[in-house]
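query.pdb follows; it contains PDB, C-alpha atoms.
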MODEL        1
ATOM      1  CA  LEU X 145     -44.632 214.283 -81.559
ATOM      2  CA  GLY X 146     -48.268 213.233 -81.333
ATOM      3  CA  ALA X 147     -49.296 216.225 -83.452
ATOM      4  CA  GLY X 148     -46.674 215.385 -86.077
ATOM      5  CA  LEU X 149     -47.774 211.761 -86.248
ATOM      6  CA  GLY X 150     -51.372 212.944 -86.535
ATOM      7  CA  VAL X 151     -50.452 215.071 -89.563
ATOM      8  CA  LEU X 152     -48.652 212.108 -91.119
ATOM      9  CA  THR X 153     -51.694 209.889 -90.544
ATOM     10  CA  PHE X 154     -53.856 212.472 -92.338
ATOM     11  CA  ILE X 155     -51.400 212.486 -95.269
ATOM     12  CA  LEU X 156     -51.478 208.707 -95.530
ATOM     13  CA  LEU X 157     -55.241 208.374 -95.250
ATOM     14  CA  PHE X 158     -55.927 211.092 -97.831
ATOM     15  CA  GLN X 159     -52.990 210.328-100.110
ATOM     16  CA  ASP X 160     -55.181 210.074-103.232
ATOM     17  CA  TRP X 161     -56.582 213.560-102.690
ATOM     18  CA  LEU X 162     -53.099 214.952-102.139
ATOM     19  CA  ALA X 163     -51.593 213.054-105.083
ATOM     20  CA  LYS X 164     -53.948 214.966-107.377
ATOM     21  CA  ARG X 165     -52.364 218.170-106.040
ATOM     22  CA  PRO X 166     -48.635 217.517-106.543
ATOM     23  CA  ARG X 167     -47.426 220.990-105.595
ATOM     24  CA  LEU X 168     -49.258 220.826-102.269
ATOM     25  CA  LEU X 169     -48.056 217.285-101.580
ATOM     26  CA  HIS X 170     -44.418 218.140-102.328
ATOM     27  CA  THR X 171     -44.604 221.220-100.102
ATOM     28  CA  ILE X 172     -46.078 219.190 -97.232
ATOM     29  CA  ARG X 173     -43.590 216.370 -97.743
ATOM     30  CA  TYR X 174     -40.455 218.490 -97.671
ATOM     31  CA  ALA X 175     -41.760 220.482 -94.709
ATOM     32  CA  PHE X 176     -42.374 217.207 -92.880
ATOM     33  CA  LEU X 177     -38.866 215.955 -93.701
ATOM     34  CA  VAL X 178     -37.431 219.128 -92.151
ATOM     35  CA  TYR X 179     -39.621 218.509 -89.089
ATOM     36  CA  THR X 180     -38.290 214.944 -88.934
ATOM     37  CA  VAL X 181     -34.651 216.054 -88.993
ATOM     38  CA  VAL X 182     -34.979 219.010 -86.619
ATOM     39  CA  PHE X 183     -37.629 217.886 -84.142
ATOM     40  CA  ILE X 184     -37.689 214.095 -84.148
ATOM     41  CA  GLY X 185     -33.948 213.787 -84.705
ATOM     42  CA  TRP X 186     -31.951 216.652 -83.230
ATOM     43  CA  TYR X 187     -34.441 217.818 -80.597
ATOM     44  CA  ALA X 188     -36.291 214.718 -79.409
ATOM     45  CA  LEU X 189     -33.350 212.376 -80.172
ATOM     46  CA  ALA X 190     -35.913 209.789 -81.285
ATOM     47  CA  GLN X 191     -33.833 208.200 -84.020
ATOM     48  CA  LEU X 192     -34.681 204.504 -84.067
ATOM     49  CA  SER X 193     -31.921 201.924 -84.437
ATOM     50  CA  VAL X 194     -31.522 198.258 -85.220
ATOM     51  CA  VAL X 195     -30.273 197.940 -81.637
ATOM     52  CA  ASN X 196     -33.823 198.726 -80.484
ATOM     53  CA  ILE X 197     -35.052 195.697 -82.437
ATOM     54  CA  PHE X 198     -32.438 193.477 -80.815
ATOM     55  CA  THR X 199     -33.319 194.843 -77.377
ATOM     56  CA  PHE X 200     -37.005 194.088 -77.930
ATOM     57  CA  ALA X 201     -36.257 190.586 -79.230
ATOM     58  CA  ASN X 202     -33.967 189.941 -76.275
ATOM     59  CA  ALA X 203     -36.653 191.139 -73.847
ATOM     60  CA  LEU X 204     -39.209 188.765 -75.364
ATOM     61  CA  PHE X 205     -36.966 185.772 -74.720
ATOM     62  CA  THR X 206     -35.830 186.846 -71.243
ATOM     63  CA  ASP X 207     -37.628 189.087 -68.759
ATOM     64  CA  PHE X 208     -40.012 191.387 -70.668
ATOM     65  CA  GLN X 209     -41.005 194.529 -68.739
ATOM     66  CA  TRP X 210     -42.911 197.507 -70.126
ATOM     67  CA  SER X 211     -41.038 199.820 -67.788
ATOM     68  CA  THR X 212     -37.851 199.209 -69.777
ATOM     69  CA  PHE X 213     -39.411 200.706 -72.907
ATOM     70  CA  LEU X 214     -41.351 203.438 -71.121
ATOM     71  CA  MET X 215     -38.135 205.030 -69.868
ATOM     72  CA  ASP X 216     -37.990 207.054 -73.098
ATOM     73  CA  PRO X 217     -41.544 208.263 -73.919
ATOM     74  CA  MET X 218     -40.597 209.720 -77.317
ATOM     75  CA  MET X 219     -39.063 206.449 -78.488
ATOM     76  CA  PHE X 220     -42.019 204.471 -77.117
ATOM     77  CA  ILE X 221     -44.582 206.653 -78.930
ATOM     78  CA  LEU X 222     -42.607 206.511 -82.172
ATOM     79  CA  TRP X 223     -42.105 202.748 -82.004
ATOM     80  CA  SER X 224     -45.829 202.268 -81.296
ATOM     81  CA  PHE X 225     -46.741 204.318 -84.355
ATOM     82  CA  VAL X 226     -44.205 202.464 -86.492
ATOM     83  CA  ALA X 227     -45.616 199.106 -85.353
ATOM     84  CA  VAL X 228     -49.116 200.132 -86.472
ATOM     85  CA  SER X 229     -47.874 201.650 -89.735
ATOM     86  CA  LEU X 230     -45.999 198.435 -90.560
ATOM     87  CA  LEU X 231     -49.283 196.551 -90.504
ATOM     88  CA  LEU X 232     -51.224 199.151 -92.495
ATOM     89  CA  TRP X 233     -48.721 200.595 -94.987
ATOM     90  CA  GLY X 234     -45.416 198.727 -94.684
ATOM     91  CA  ARG X 235     -41.894 199.844 -93.842
ATOM     92  CA  GLY X 236     -41.997 202.830 -96.191
ATOM     93  CA  VAL X 237     -43.794 205.087 -93.720
ATOM     94  CA  TYR X 238     -40.882 205.092 -91.303
ATOM     95  CA  CYS X 239     -38.088 204.963 -93.865
ATOM     96  CA  GLY X 240     -39.660 207.604 -96.085
ATOM     97  CA  TRP X 241     -41.127 209.994 -93.519
ATOM     98  CA  LEU X 242     -39.910 209.441 -89.950
ATOM     99  CA  CYS X 243     -36.223 208.489 -90.139
ATOM    100  CA  PRO X 244     -34.083 211.594 -89.462
ATOM    101  CA  PHE X 245     -31.022 210.287 -91.306
ATOM    102  CA  GLY X 246     -33.170 209.179 -94.226
ATOM    103  CA  ALA X 247     -34.782 212.631 -94.278
ATOM    104  CA  MET X 248     -31.326 214.243 -94.379
ATOM    105  CA  GLN X 249     -30.423 212.161 -97.407
ATOM    106  CA  GLU X 250     -33.656 212.960 -99.196
ATOM    107  CA  LEU X 251     -33.370 216.695 -98.604
ATOM    108  CA  ILE X 252     -29.793 216.659 -99.886
ATOM    109  CA  SER X 253     -30.911 214.687-102.925
ATOM    110  CA  ALA X 254     -33.725 217.162-103.616
ATOM    111  CA  VAL X 255     -31.279 220.093-103.533
ATOM    112  CA  ALA X 256     -28.867 218.175-105.774
ATOM    113  CA  LEU X 257     -31.619 217.560-108.337
ATOM    114  CA  LYS X 258     -32.537 221.257-108.266
ATOM    115  CA  LEU X 259     -28.891 222.109-108.944
ATOM    116  CA  LYS X 260     -28.822 219.493-111.745
ATOM    117  CA  VAL X 261     -26.098 217.434-110.069
ATOM    118  CA  PRO X 262     -25.445 214.322-112.220
ATOM    119  CA  GLN X 263     -27.195 211.243-110.860
ATOM    120  CA  PHE X 264     -25.697 207.755-111.064
ATOM    121  CA  GLU X 265     -28.107 204.834-110.988
ATOM    122  CA  LEU X 266     -27.071 201.202-111.027
ATOM    123  CA  PRO X 267     -28.554 198.776-113.579
ATOM    124  CA  PHE X 268     -31.698 197.230-112.126
ATOM    125  CA  ALA X 269     -30.248 193.704-112.146
ATOM    126  CA  LEU X 270     -27.283 194.815-109.999
ATOM    127  CA  HIS X 271     -29.442 197.113-107.893
ATOM    128  CA  GLU X 272     -31.805 194.229-107.118
ATOM    129  CA  ARG X 273     -28.960 192.038-105.902
ATOM    130  CA  LEU X 274     -27.487 194.774-103.729
ATOM    131  CA  TRP X 275     -30.789 194.868-101.827
ATOM    132  CA  ALA X 276     -29.643 191.679-100.116
ATOM    133  CA  LEU X 277     -26.625 193.414 -98.557
ATOM    134  CA  LYS X 278     -28.615 195.106 -95.794
ATOM    135  CA  TYR X 279     -30.296 191.811 -94.879
ATOM    136  CA  ILE X 280     -26.887 190.137 -94.606
ATOM    137  CA  ILE X 281     -25.726 192.949 -92.302
ATOM    138  CA  LEU X 282     -28.913 192.544 -90.231
ATOM    139  CA  LEU X 283     -28.412 188.788 -89.831
ATOM    140  CA  ALA X 284     -24.754 189.265 -88.873
ATOM    141  CA  LEU X 285     -25.659 191.835 -86.215
ATOM    142  CA  PHE X 286     -28.485 189.647 -84.921
ATOM    143  CA  ALA X 287     -26.097 186.705 -84.566
ATOM    144  CA  VAL X 288     -23.716 188.894 -82.549
ATOM    145  CA  SER X 289     -26.590 190.153 -80.376
ATOM    146  CA  LEU X 290     -27.447 186.583 -79.382
ATOM    147  CA  GLN X 291     -23.993 186.350 -77.830
ATOM    148  CA  SER X 292     -23.666 189.898 -76.521
ATOM    149  CA  LEU X 293     -26.061 192.811 -76.950
ATOM    150  CA  GLY X 294     -23.290 195.223 -75.983
ATOM    151  CA  GLN X 295     -21.027 193.857 -78.695
ATOM    152  CA  ALA X 296     -23.838 194.119 -81.245
ATOM    153  CA  GLU X 297     -24.280 197.767 -80.303
ATOM    154  CA  ILE X 298     -20.627 198.388 -81.159
ATOM    155  CA  TYR X 299     -20.931 196.735 -84.571
ATOM    156  CA  ALA X 300     -24.210 198.565 -85.143
ATOM    157  CA  GLU X 301     -22.102 201.675 -85.710
ATOM    158  CA  VAL X 302     -22.568 200.713 -89.346
ATOM    159  CA  GLU X 303     -25.588 202.929 -88.754
ATOM    160  CA  PRO X 304     -24.438 206.581 -88.789
ATOM    161  CA  PHE X 305     -27.470 207.606 -86.737
ATOM    162  CA  LYS X 306     -25.629 208.133 -83.469
ATOM    163  CA  THR X 307     -23.099 210.419 -85.127
ATOM    164  CA  ALA X 308     -25.368 212.441 -87.414
ATOM    165  CA  VAL X 309     -28.471 212.651 -85.231
ATOM    166  CA  LEU X 310     -27.928 211.905 -81.555
ATOM    167  CA  LEU X 311     -24.501 213.585 -81.277
ATOM    168  CA  LYS X 312     -25.080 216.144 -84.077
ATOM    169  CA  PHE X 313     -21.677 215.342 -85.657
ATOM    170  CA  GLN X 314     -19.851 216.180 -82.408
ATOM    171  CA  ARG X 315     -17.681 213.061 -82.386
ATOM    172  CA  GLU X 316     -14.333 211.565 -83.403
ATOM    173  CA  TRP X 317     -13.382 212.443 -86.974
ATOM    174  CA  GLY X 318     -13.639 208.860 -88.261
ATOM    175  CA  PHE X 319     -17.324 208.554 -87.345
ATOM    176  CA  VAL X 320     -18.053 212.039 -88.702
ATOM    177  CA  LEU X 321     -16.256 211.275 -91.969
ATOM    178  CA  TYR X 322     -18.297 208.086 -92.402
ATOM    179  CA  ALA X 323     -21.623 209.887 -91.849
ATOM    180  CA  VAL X 324     -20.686 212.847 -94.057
ATOM    181  CA  LEU X 325     -19.519 210.499 -96.811
ATOM    182  CA  LEU X 326     -22.875 208.696 -96.838
ATOM    183  CA  LEU X 327     -24.716 212.026 -96.976
ATOM    184  CA  ALA X 328     -22.469 213.204 -99.807
ATOM    185  CA  ILE X 329     -23.144 210.042-101.802
ATOM    186  CA  SER X 330     -26.880 210.720-101.528
ATOM    187  CA  ALA X 331     -26.346 213.840-103.667
ATOM    188  CA  PHE X 332     -25.343 211.565-106.572
ATOM    189  CA  ASN X 333     -27.250 208.365-105.761
ATOM    190  CA  HIS X 334     -30.625 208.791-104.064
ATOM    191  CA  LYS X 335     -30.550 207.410-100.480
ATOM    192  CA  PHE X 336     -27.696 205.003-101.198
ATOM    193  CA  TYR X 337     -27.347 204.035 -97.530
ATOM    194  CA  CYS X 338     -31.061 203.300 -97.099
ATOM    195  CA  ARG X 339     -31.230 201.134-100.199
ATOM    196  CA  TYR X 340     -28.182 198.955 -99.724
ATOM    197  CA  VAL X 341     -26.735 199.201 -96.203
ATOM    198  CA  CYS X 342     -29.345 200.047 -93.550
ATOM    199  CA  PRO X 343     -30.000 197.055 -91.243
ATOM    200  CA  LEU X 344     -32.869 198.902 -89.559
ATOM    201  CA  GLY X 345     -34.709 199.162 -92.869
ATOM    202  CA  ALA X 346     -34.117 195.447 -93.421
ATOM    203  CA  GLY X 347     -35.413 194.686 -89.925
ATOM    204  CA  LEU X 348     -38.598 196.684 -90.550
ATOM    205  CA  ALA X 349     -39.172 195.102 -93.957
ATOM    206  CA  ILE X 350     -39.476 191.587 -92.510
ATOM    207  CA  PRO X 351     -42.606 192.108 -90.327
ATOM    208  CA  ALA X 352     -44.003 194.552 -92.913
ATOM    209  CA  ARG X 353     -44.588 191.603 -95.256
ATOM    210  CA  ILE X 354     -47.794 190.884 -93.325
ATOM    211  CA  ARG X 355     -49.250 194.370 -93.979
ATOM    212  CA  LEU X 356     -53.038 194.325 -94.257
ATOM    213  CA  PHE X 357     -53.651 196.753 -97.121
ATOM    214  CA  ASP X 358     -52.165 197.757-100.452
ATOM    215  CA  TRP X 359     -52.743 201.500-100.733
ATOM    216  CA  LEU X 360     -50.601 202.260-103.788
ATOM    217  CA  ARG X 361     -52.717 202.270-106.933
ATOM    218  CA  ARG X 362     -51.558 200.804-110.246
ATOM    219  CA  HIS X 363     -52.978 200.663-113.761
ATOM    220  CA  LYS X 364     -53.051 197.401-115.692
ATOM    221  CA  GLU X 365     -50.736 199.099-118.221
ATOM    222  CA  CYS X 366     -48.055 199.770-115.567
ATOM    223  CA  GLY X 367     -44.896 198.013-116.702
ATOM    224  CA  LYS X 368     -46.669 196.561-119.747
ATOM    225  CA  PRO X 369     -45.581 198.611-121.619
ATOM    226  CA  CYS X 370     -45.449 201.849-119.581
ATOM    227  CA  GLN X 371     -42.223 202.395-117.603
ATOM    228  CA  ILE X 372     -42.706 206.037-116.573
ATOM    229  CA  CYS X 373     -43.112 205.362-112.836
ATOM    230  CA  ALA X 374     -40.246 202.855-112.846
ATOM    231  CA  HIS X 375     -37.902 205.419-114.405
ATOM    232  CA  GLU X 376     -39.068 208.209-112.080
ATOM    233  CA  CYS X 377     -38.831 206.185-108.851
ATOM    234  CA  HIS X 378     -35.648 207.520-107.227
ATOM    235  CA  ILE X 379     -35.497 204.579-104.835
ATOM    236  CA  GLN X 380     -35.872 202.099-107.735
ATOM    237  CA  ALA X 381     -38.546 200.147-105.873
ATOM    238  CA  ILE X 382     -40.637 199.520-109.006
ATOM    239  CA  HIS X 383     -39.816 196.416-111.020
ATOM    240  CA  PRO X 384     -39.700 196.568-114.826
ATOM    241  CA  ASP X 385     -42.968 194.609-114.892
ATOM    242  CA  GLY X 386     -44.679 197.425-112.974
ATOM    243  CA  ARG X 387     -44.835 195.799-109.535
ATOM    244  CA  ILE X 388     -43.958 197.952-106.553
ATOM    245  CA  ASN X 389     -41.694 196.115-104.126
ATOM    246  CA  PRO X 390     -43.173 196.959-100.689
ATOM    247  CA  ASN X 391     -39.965 195.811 -98.979
ATOM    248  CA  GLU X 392     -38.040 198.606-100.708
ATOM    249  CA  CYS X 393     -40.675 201.296-101.246
ATOM    250  CA  HIS X 394     -40.169 204.445 -99.151
ATOM    251  CA  TYR X 395     -43.716 205.685 -99.715
ATOM    252  CA  CYS X 396     -42.777 209.032-101.241
ATOM    253  CA  LEU X 397     -46.045 208.888-103.262
ATOM    254  CA  ASP X 398     -44.383 210.169-106.461
ATOM    255  CA  CYS X 399     -45.773 207.197-108.382
ATOM    256  CA  GLN X 400     -49.250 208.099-107.126
ATOM    257  CA  ILE X 401     -48.840 211.633-108.429
ATOM    258  CA  THR X 402     -48.009 210.166-111.849
ATOM    259  CA  TYR X 403     -50.899 207.707-111.528
ATOM    260  CA  HIS X 404     -53.394 210.604-111.361
ATOM    261  CA  ASP X 405     -51.605 212.854-113.893
ATOM    262  CA  ASP X 406     -53.688 212.966-117.082
ATOM    263  CA  ARG X 407     -50.853 214.781-118.867
ATOM    264  CA  LYS X 408     -48.196 212.161-118.169
ATOM    265  CA  CYS X 409     -49.705 208.762-117.333
ATOM    266  CA  PRO X 410     -50.726 207.082-120.665
ATOM    267  CA  PRO X 411     -53.986 205.458-119.403
ATOM    268  CA  MET X 412     -55.011 208.755-117.801
ATOM    269  CA  VAL X 413     -54.098 210.650-120.984
ATOM    270  CA  VAL X 414     -56.400 208.329-122.964
ATOM    271  CA  GLN X 415     -59.224 208.929-120.496
ATOM    272  CA  ARG X 416     -58.714 212.704-120.676
ATOM    273  CA  LYS X 417     -58.789 212.695-124.489
ATOM    274  CA  LYS X 418     -61.989 210.632-124.463
ATOM    275  CA  ARG X 419     -63.580 213.144-122.081
ATOM    276  CA  GLU X 420     -62.446 216.069-124.208
ATOM    277  CA  LYS X 421     -63.752 214.391-127.371
ATOM    278  CA  ALA X 422     -67.091 213.690-125.712
ATOM    279  CA  THR X 423     -67.263 217.326-124.560
ATOM    280  CA  ARG X 424     -66.549 218.614-128.071
ATOM    281  CA  LEU X 425     -69.175 216.330-129.613
ATOM    282  CA  SER X 426     -71.813 217.387-127.091
ATOM    283  CA  SER X 427     -70.951 221.043-127.748
ATOM    284  CA  LYS X 428     -71.365 220.560-131.516
ATOM    285  CA  VAL X 429     -74.706 218.838-131.014
ATOM    286  CA  ALA X 430     -75.858 221.649-128.745
ATOM    287  CA  ASP X 431     -74.739 224.263-131.284
ATOM    288  CA  SER X 432     -76.510 222.482-134.124
ATOM    289  CA  ARG X 433     -79.779 222.559-132.207
ATOM    290  CA  ARG X 434     -79.662 226.288-131.619
ATOM    291  CA  ILE X 435     -81.672 228.570-133.900
ATOM    292  CA  PRO X 436     -79.441 231.336-135.330
ATOM    293  CA  ALA X 437     -80.356 234.829-134.229
ATOM    294  CA  THR X 438     -80.750 236.008-137.881
ATOM    295  CA  GLU X 439     -83.389 233.331-138.499
ATOM    296  CA  VAL X 440     -85.270 234.336-135.395
ATOM    297  CA  SER X 441     -85.288 238.010-136.382
ATOM    298  CA  GLY X 442     -86.385 237.110-139.954
ATOM    299  CA  GLU X 443     -89.313 235.066-138.698
ATOM    300  CA  GLY X 444     -90.363 237.916-136.453
ATOM    301  CA  ALA X 445     -90.343 240.372-139.398
TER     302      ALA X 445
ENDMDL
END

Target format structure tokens, applied to this file:
Amino acid sequence: LGAGLGVLTFILLFQDWLAKRPRLLHTIRYAFLVYTVVFIGWYALAQLSVVNIFTFANALFTDFQWSTFLMDPMMFILWSFVAVSLLLWGRGVYCGWLCPFGAMQELISAVALKLKVPQFELPFALHERLWALKYIILLALFAVSLQSLGQAEIYAEVEPFKTAVLLKFQREWGFVLYAVLLLAISAFNHKFYCRYVCPLGAGLAIPARIRLFDWLRRHKECGKPCQICAHECHIQAIHPDGRINPNECHYCLDCQITYHDDRKCPPMVVQRKKREKATRLSSKVADSRRIPATEVSGEGA
């Protein structure tokens, strides 16, 4: 797990270098998502849950003991990394790279796009309002946890993590049907569950608002008038005015690939054409200063 988190840290720190090499970045990303599903999820059983947040909050107000959290080393290491990443990059690092169920959805979506499965996106105005749904679910579960943590854990089955990851779909048919249905929807609507339902994502977004850095680069033309990144963002985390909503961004870095693409991004295209024009002009000047070989031979004769 430490090695995997080290690789992810390298990716995040050198994201600009990787974004200029989209094929390499996509290969690394999808390989890491497979690692997240297979190792972090099915092998290490380190799928985080909103219940973990409630447990931590409850411990802070009662009898906090480190030994309670050190009982599961994998979960402790992962939570520690997530806590640091929230401050540096925001919630997107966990939701976009380290969540096994989220990785399942993204891999299914990638296959669906390859197979040209029709995609259904909601209008941005409706999509923006549906963001609130997961926060409402989070608040409802938190209210229940104040009364009974055990009862909150039951209602937290709105998360399909236990079924799809911890129990590997070996459960009663109702739970399996719910998890499979959410995965199936992701083939037509990218990460539907993560965007509108997940209370864990909502819980991580709240402390992530105090992140220290803004690593995602933007041009002044983004959103005014260019909408390329907004249309290409599968998670629809980019507002029409070009702003990236850090509470919803899953840090896939696709917008950063476009940012550096001098064949797609309009400001970068302009810069490339200026460079090419300058190169052509300098070549013409250099050619004009050369003495033709025929003239040289004539002078010699």

Q: Return as a PyMOL selection string the set of residues that the PyMOL selection byres ((chain X and resi 290) around 12) yields on the displayed structure.
A: chain X and resi 195+198-199+201-203+205-206+283-289+291-297

Check your understanding: If we count all atoms listed in the file, what is near range 321-336 of chain X at a cut-off of 8 Å, once residues fewer than 5 positions away on the same chain are taken out, given as a PyMOL selection string?
Key -> chain X and resi 246+248-250+252-253+255-257+261-265+304+307-308+341+378-379

The residue from X:Leu145, X:Trp186, X:His394, X:Pro384 with the smallest atom-to-atom distance to Phe220 in chain X, counting all atoms listed in the file, is X:Leu145

For Leu356 in chain X, the closest of X:Leu231, X:Trp210, X:Tyr299, X:Gly150 counting only C-alpha atoms is X:Leu231

Per-axis box centre and lengths in Å around range 386-391 of chain X, 4 Å margin per side, axis-aligned, as AutoDock Vina command-line options:
--center_x -42.4 --center_y 196.9 --center_z -106.0 --size_x 12.9 --size_y 10.2 --size_z 22.0

Could you name the residues that touch Trp359 in chain X at 12 Å or less, counting all atoms listed in the file, but leaving out those on the same chain fewer than 6 positions away, as a PDB file with C-alpha atoms, in the frame of the given file?
ATOM      1  CA  LEU X 156     -51.478 208.707 -95.530  1.00  0.00           C
ATOM      2  CA  LEU X 157     -55.241 208.374 -95.250  1.00  0.00           C
ATOM      3  CA  PHE X 158     -55.927 211.092 -97.831  1.00  0.00           C
ATOM      4  CA  GLN X 159     -52.990 210.328-100.110  1.00  0.00           C
ATOM      5  CA  ASP X 160     -55.181 210.074-103.232  1.00  0.00           C
ATOM      6  CA  LEU X 231     -49.283 196.551 -90.504  1.00  0.00           C
ATOM      7  CA  LEU X 232     -51.224 199.151 -92.495  1.00  0.00           C
ATOM      8  CA  TRP X 233     -48.721 200.595 -94.987  1.00  0.00           C
ATOM      9  CA  GLY X 234     -45.416 198.727 -94.684  1.00  0.00           C
ATOM     10  CA  GLY X 236     -41.997 202.830 -96.191  1.00  0.00           C
ATOM     11  CA  VAL X 237     -43.794 205.087 -93.720  1.00  0.00           C
ATOM     12  CA  ILE X 388     -43.958 197.952-106.553  1.00  0.00           C
ATOM     13  CA  PRO X 390     -43.173 196.959-100.689  1.00  0.00           C
ATOM     14  CA  TYR X 395     -43.716 205.685 -99.715  1.00  0.00           C
ATOM     15  CA  LEU X 397     -46.045 208.888-103.262  1.00  0.00           C
ATOM     16  CA  CYS X 399     -45.773 207.197-108.382  1.00  0.00           C
ATOM     17  CA  GLN X 400     -49.250 208.099-107.126  1.00  0.00           C
TER      18      GLN X 400
END
